[in-house]
Amino acid sequence: MAEAEKVSLESMDISQEKHEQLKALFPEAFSEGKIDFDQLKRALGEWVEPSKERFGLSWPGKAECMKIIQQPSVATLKPARDESVNFDETDNLFIEGDNLEVLKLLQKSYFGKVKMIYIDPPYNTGNEFIYPDKFAETLDTYLEYTSQKDGEGRKFSTNTDSVGRYHSNWMNMMYPRLYLARNLMREDGLFFISINEGEIANLRKLCDEIFGEENFVASLVWKSRQIVDSRPQNNVSNDHEYIIIYGKTVDAKVRGKEIDQNKYSNPDNDDRGPWMSNSILGLANKSQRPNLHYDVTDPETGISYPCSPDSGWRYSRETMAEKIKEKRIVFPSKPEGRPREKKFLNELSKDFTGFSSILPTDVGFTLNGTREVRELFQDNLFPFPKPVSLLRELIVQGAGQEDEAIVLDFFAGSATTAEAVMRLNQEENKKIKYVMVQLPERTEEKSNPYNAGYKTIADISKERIRRAGKKIEEEQNGQLDFNGSEKPDLGFKVFKLSRSNFKVWEGDAEKVENLEQQLFDHVDHINAASAPEDILYELLLKSGFPLTTKVEKLSLAGKDVFSIEEGALLICLDKNLTQEVIDAIADANPLQVICLDDGFEGNDQLKANAVQTFKARAQEEESEIVFRTV
């Protein structure tokens with residue numbers, strides 16, 4: 001009897017994906033399904049003796065990191081409409097949950113789709129929580145962590161420098177997250193990471209290993225402190241932080257600084273159009289390049305202009321004579337001046353020039369970020385937030401080349417990145433989308449945020465986005481066209497990390513305390529508390545559709561059917577299915593169909609008929625319909 005495929009409830013198997021990619025590149029390195037590493041080395045033209053020492057990065061816990069990466073997640077992300085803004089229309093996401101689990105869950109839906117990632121992770125100063133990563137399949141550890149209590153009621157501690165593995169703990173936290181996040185990047189994607197002096201060396205080494213040294217783009221220096229700090233005993237005020245940038249591939253590059261066309265004019269009505277003057281001094285002294293040291297004579301006045309003995313001219317005599325003939329050299333009105341060259345606007349090969357690794361002060365300071373949050377909330381609710389102007393500039397460099405792109409921040413904090421995206425969209429009429437991820441870490445009791453009603457950092461993040469969106473609308477004074485551009489997307493969908501809506505079978509007999517009870521529980525394998533929309537979005541996520549995919553509710557043969565991507569996927573969560581329902585779904589000509597096993601109520605004949613119905617319809621349409629059940 002033909003059977004329907006089963007929907008996998010696990011996130012993408014990262015190790016299997018890498019295994020398949022490697023096999024596609026080096027089939028000769030596989031024998032009986034296993035990797036022959038010696039053969040792989042030969043295929044790569046290398047030979048490494050088994051006992052030979054090699055350069056590399058190692059620390060206690062690194063092997064465990066790879067195990068964590070390769071453990072699929074069977075959790076889900078449940079929608080929270082009541083905490084969202086414009087849930088059905090928006091393309092923005094806010095996900096509340098541990099970012100390691102969330103990154104695993106996003107692998108299928110967002111693999112290779114993110115243009116830019118920015119994170120502001122814990123700097124490992126000894127005051128931040130280092131995220132716990134040993135989650136059971138039931139997510140009990142995560143649920144305990146959101147209350148900052150472990151199973152025995154103890155608090156999770158901070159990573160203080162008295163801990164023996166102070167740096168190792170931080171690297172164990174960062175490595176899996178960077179590894180998984182890289183999978184989500186486009187081939188031209190860029191990864192921006194804020195960090196200070198404490199861990200920048202280790203972070204660079206981690207990124208060199210994960211991204212490849214050749215994909216390092218830049219280390220930006222941001223002057224974060226506006227006022228000198230006189231407290232350090234060494235009398236050095238650390239006024240700067242770093243933002244390191246890596247690309248997914250060598251083709252990834254920042255946008256660059258836009259060329260200021262206001263510098264171009266045409267005072268002499270040159271037929272070639274607006275121009276600006278450039279220096280034509282060289283870089284070599286007379287002993288280095290004697291052929292570049294000569295006098296340049298103005299053919300109209302006869303005045304000769306010597307070059308500097310330390311630099312000479314940029315061009316040879318012949319090239320200079322040609323440029324004078326073409327009237328590309330501008331001569332000064334006084335003998336003590338120096339000739340310069342015309343650079344015409346219409347001859348520029350690109351619209352952007354180099355972007356300085358020293359960020360200008362107009363991107364703001366930490367103080368500006370603090371003021372922005374205080375103005376929105378009328379209170380100090382978040383320590384040391386990054387200013388919107390800084391994030392806006394980074395987004396311009398990382399994703400500003402395009403009108404539409406996805407920006408991910410999985411250490412969202414106060415959600416400065418989300419506000420920066422909305423501001424950029426408003427000001428430049430773009431449609432950049434954001435995905436924010438934030439752990440619902442509890443605020444300290446009796447603190448300003450706690451007393452204001454914000455029990456978690458995620459609560460502050462969400463409210464900041466709501467208030468920032470309202471402020472943007474108010475600033476337009478009711479103008480619907482937003483300064484001549486389309487109104488930006490000021491909404492966001494909220495999802496929360498949770499247990500799967502489907503009861504997960506525990507296959508390890510040693511861990512099962514009561515096998516009979518487990519069998520009984522799986523008679524109805526859907527959790528009773530799960531709403532249809534919860535199930536819908538879990539199936540979307542695990543079928544590889546983004547969480548912002550537009551969903552339309554249809555009625556087919558009297559049953560509710562969800563249409564995804566204009567009918568590409570049809571999902572029916574109703575029970576009491578009939579052949580009429582199956583025929584109606586087939587008539588819609590979808591590419592994929594998902595139904596609940598419960599919908600067939602044990603009618604194996606009906607399920608077999610459904611498989612045949614979809615197979616026959618696919619043959620008629622010369623296509624393929626994938627039918628799965630869960």
# chains A, B, ... in the order shown; residues from 1 in each chain; ligands from 1
$ residues_around --residues "segment 376-380 of chain A" --least-positions-apart "4" --cutoff "8 Å" --atoms "only C-alpha atoms" --output "VMD selection string"
chain A and resid 370 372 448 to 449 464 467 to 468
$ write_last_selection --atoms "C-alpha atoms" --output "tab-separated table (two decimals), in the first residue's frame"
chain	number	residue	atom	x	y	z
A	370	THR	CA	21.06	55.90	26.18
A	372	GLU	CA	17.26	57.57	22.63
A	448	ASN	CA	13.73	50.52	36.84
A	449	PRO	CA	12.60	48.10	34.09
A	464	ARG	CA	10.89	49.77	22.03
A	467	ARG	CA	7.18	53.05	20.43
A	468	ALA	CA	9.78	53.72	17.75
$ select_by_dssp --residues "segment 434-624 of chain A" --states "strand (DSSP E)" --output "ChimeraX atom specification"
/A:434-438,493-498,551-556,559-564,569-572,592-595
$ residues_around --residues "segment 589-604 of chain A" --least-positions-apart "3" --cutoff "7 Å" --atoms "only C-alpha atoms" --output "MDAnalysis selection string"
chainID A and resid 567:577 586 607:608 624:630
$ residues_around --residues "His19 of chain A" --least-positions-apart "4" --cutoff "10 Å" --atoms "only C-alpha atoms" --output "list in words"
Asp13, Ile14, Ser15, Lys23, Ala24, Gly33, Lys34 and Ile35 of chain A
$ residues_around --residues "Ile526 of chain A" --least-positions-apart "3" --cutoff "8 Å" --atoms "only C-alpha atoms" --output "short mmCIF file (atom, residue, chain, number, x, y, z; two decimals) with N, CA and C atoms, in the first residue's frame"
data_model
loop_
_atom_site.label_atom_id
_atom_site.label_comp_id
_atom_site.auth_asym_id
_atom_site.auth_seq_id
_atom_site.Cartn_x
_atom_site.Cartn_y
_atom_site.Cartn_z
N ASN A 501 4.45 21.33 19.04
CA ASN A 501 3.02 21.07 19.19
C ASN A 501 2.70 19.58 19.07
N PHE A 502 3.70 18.80 18.66
CA PHE A 502 3.53 17.37 18.50
C PHE A 502 4.37 16.65 19.55
N LYS A 503 3.82 15.64 20.16
CA LYS A 503 4.54 14.89 21.17
C LYS A 503 5.68 14.11 20.51
N SER A 530 -2.32 23.13 22.04
CA SER A 530 -1.87 23.76 20.79
C SER A 530 -3.05 24.25 19.96
#
$ select_by_dssp --residues "segment 300-514 of chain A" --states "helix (DSSP H, G or I)" --output "count of residues only"
78
$ residues_around --residues "Arg371 of chain A" --least-positions-apart "4" --cutoff "12 Å" --atoms "only C-alpha atoms" --output "PyMOL selection string"
chain A and resi 364-367+375-388
$ atom_distance --atom1 "atom CA of Leu348 of chain A" --atom2 "atom CA of Gln397 of chain A"
20.2 Å
$ residues_around --residues "segment 226-238 of chain A" --least-positions-apart "2" --cutoff "12 Å" --atoms "only C-alpha atoms" --output "list in words"
Asn196, Glu197, Gly198, Val221, Trp222, Lys223, Ser224, His240, Glu241, Tyr242, Thr361, Asp362, Val363, Gly364, Phe365, Thr366, Leu367, Asn368 and Gly369 of chain A
$ write_last_selection --atoms "C-alpha atoms" --output "tab-separated table (two decimals), in the first residue's frame"
chain	number	residue	atom	x	y	z
A	196	ASN	CA	35.72	45.43	22.89
A	197	GLU	CA	39.36	44.78	23.76
A	198	GLY	CA	38.61	41.87	26.10
A	221	VAL	CA	36.91	51.42	15.20
A	222	TRP	CA	33.98	53.16	16.86
A	223	LYS	CA	34.56	55.97	19.35
A	224	SER	CA	31.94	54.91	21.87
A	240	HIS	CA	36.57	52.95	21.55
A	241	GLU	CA	35.08	49.60	20.61
A	242	TYR	CA	35.42	47.48	17.48
A	361	THR	CA	31.77	60.80	15.29
A	362	ASP	CA	28.45	61.59	13.62
A	363	VAL	CA	27.46	57.92	14.01
A	364	GLY	CA	26.95	58.74	17.68
A	365	PHE	CA	28.21	57.58	21.06
A	366	THR	CA	26.86	55.22	23.72
A	367	LEU	CA	25.48	58.34	25.40
A	368	ASN	CA	23.30	58.99	22.35
A	369	GLY	CA	21.91	55.46	22.51
$ decode --residues "segment 233-267 of chain A" --atoms "N, CA and C atoms" --output "tab-separated table (two decimals), in the first residue's frame"
chain	number	residue	atom	x	y	z
A	233	GLN	N	43.06	52.90	36.79
A	233	GLN	CA	44.31	53.12	37.51
A	233	GLN	C	45.49	53.33	36.57
A	234	ASN	N	45.38	52.83	35.34
A	234	ASN	CA	46.49	53.01	34.40
A	234	ASN	C	46.41	54.32	33.64
A	235	ASN	N	45.40	55.14	33.98
A	235	ASN	CA	45.22	56.47	33.36
A	235	ASN	C	44.92	56.41	31.87
A	236	VAL	N	44.46	55.26	31.36
A	236	VAL	CA	44.05	55.15	29.96
A	236	VAL	C	42.54	55.04	29.90
A	237	SER	N	41.94	55.94	29.16
A	237	SER	CA	40.49	55.92	28.99
A	237	SER	C	40.16	55.13	27.72
A	238	ASN	N	39.54	53.98	27.87
A	238	ASN	CA	39.16	53.18	26.70
A	238	ASN	C	37.92	53.80	26.06
A	239	ASP	N	38.15	54.60	25.04
A	239	ASP	CA	37.07	55.38	24.42
A	239	ASP	C	36.51	54.72	23.17
A	240	HIS	N	37.00	53.54	22.81
A	240	HIS	CA	36.57	52.95	21.55
A	240	HIS	C	36.17	51.49	21.72
A	241	GLU	N	35.39	51.02	20.76
A	241	GLU	CA	35.08	49.60	20.61
A	241	GLU	C	35.35	49.23	19.15
A	242	TYR	N	35.18	47.95	18.85
A	242	TYR	CA	35.42	47.48	17.48
A	242	TYR	C	34.15	46.88	16.89
A	243	ILE	N	34.07	46.92	15.59
A	243	ILE	CA	33.04	46.20	14.85
A	243	ILE	C	33.78	45.43	13.76
A	244	ILE	N	33.90	44.13	13.93
A	244	ILE	CA	34.62	43.34	12.93
A	244	ILE	C	33.63	42.84	11.89
A	245	ILE	N	34.09	42.75	10.66
A	245	ILE	CA	33.22	42.38	9.55
A	245	ILE	C	33.83	41.20	8.80
A	246	TYR	N	33.01	40.18	8.58
A	246	TYR	CA	33.41	39.04	7.75
A	246	TYR	C	32.36	38.83	6.67
A	247	GLY	N	32.80	38.33	5.53
A	247	GLY	CA	31.88	38.00	4.45
A	247	GLY	C	31.66	36.50	4.38
A	248	LYS	N	30.54	36.12	3.78
A	248	LYS	CA	30.30	34.68	3.57
A	248	LYS	C	31.31	34.15	2.55
A	249	THR	N	31.62	34.96	1.55
A	249	THR	CA	32.61	34.59	0.54
A	249	THR	C	33.48	35.82	0.26
A	250	VAL	N	34.48	35.64	-0.57
A	250	VAL	CA	35.37	36.75	-0.92
A	250	VAL	C	34.64	37.80	-1.77
A	251	ASP	N	33.48	37.46	-2.30
A	251	ASP	CA	32.73	38.41	-3.12
A	251	ASP	C	31.94	39.41	-2.27
A	252	ALA	N	31.84	39.17	-0.97
A	252	ALA	CA	31.08	40.07	-0.10
A	252	ALA	C	31.88	41.34	0.15
A	253	LYS	N	31.22	42.47	0.03
A	253	LYS	CA	31.90	43.75	0.27
A	253	LYS	C	30.91	44.78	0.78
A	254	VAL	N	31.41	45.74	1.55
A	254	VAL	CA	30.55	46.81	2.03
A	254	VAL	C	30.23	47.76	0.88
A	255	ARG	N	29.21	48.58	1.07
A	255	ARG	CA	28.80	49.47	-0.02
A	255	ARG	C	29.85	50.51	-0.33
A	256	GLY	N	30.49	51.06	0.70
A	256	GLY	CA	31.46	52.13	0.52
A	256	GLY	C	30.83	53.49	0.78
A	257	LYS	N	31.65	54.50	0.74
A	257	LYS	CA	31.18	55.87	0.97
A	257	LYS	C	30.69	56.47	-0.35
A	258	GLU	N	29.50	57.02	-0.31
A	258	GLU	CA	28.93	57.60	-1.52
A	258	GLU	C	29.71	58.84	-1.93
A	259	ILE	N	30.04	58.91	-3.20
A	259	ILE	CA	30.80	60.05	-3.71
A	259	ILE	C	29.92	61.30	-3.67
A	260	ASP	N	30.47	62.37	-3.12
A	260	ASP	CA	29.73	63.62	-3.00
A	260	ASP	C	29.74	64.35	-4.34
A	261	GLN	N	28.64	64.27	-5.05
A	261	GLN	CA	28.57	64.90	-6.37
A	261	GLN	C	28.46	66.42	-6.29
A	262	ASN	N	28.21	66.94	-5.09
A	262	ASN	CA	28.16	68.39	-4.94
A	262	ASN	C	29.53	69.03	-5.13
A	263	LYS	N	30.58	68.21	-5.06
A	263	LYS	CA	31.93	68.73	-5.25
A	263	LYS	C	32.25	68.96	-6.73
A	264	TYR	N	31.37	68.49	-7.60
A	264	TYR	CA	31.60	68.62	-9.04
A	264	TYR	C	30.83	69.84	-9.57
A	265	SER	N	31.49	70.62	-10.37
A	265	SER	CA	30.87	71.80	-10.99
A	265	SER	C	31.49	72.00	-12.37
A	266	ASN	N	31.00	73.01	-13.08
A	266	ASN	CA	31.52	73.26	-14.43
A	266	ASN	C	31.70	74.76	-14.64
A	267	PRO	N	32.66	75.36	-13.91
A	267	PRO	CA	32.83	76.81	-13.98
A	267	PRO	C	33.31	77.33	-15.33
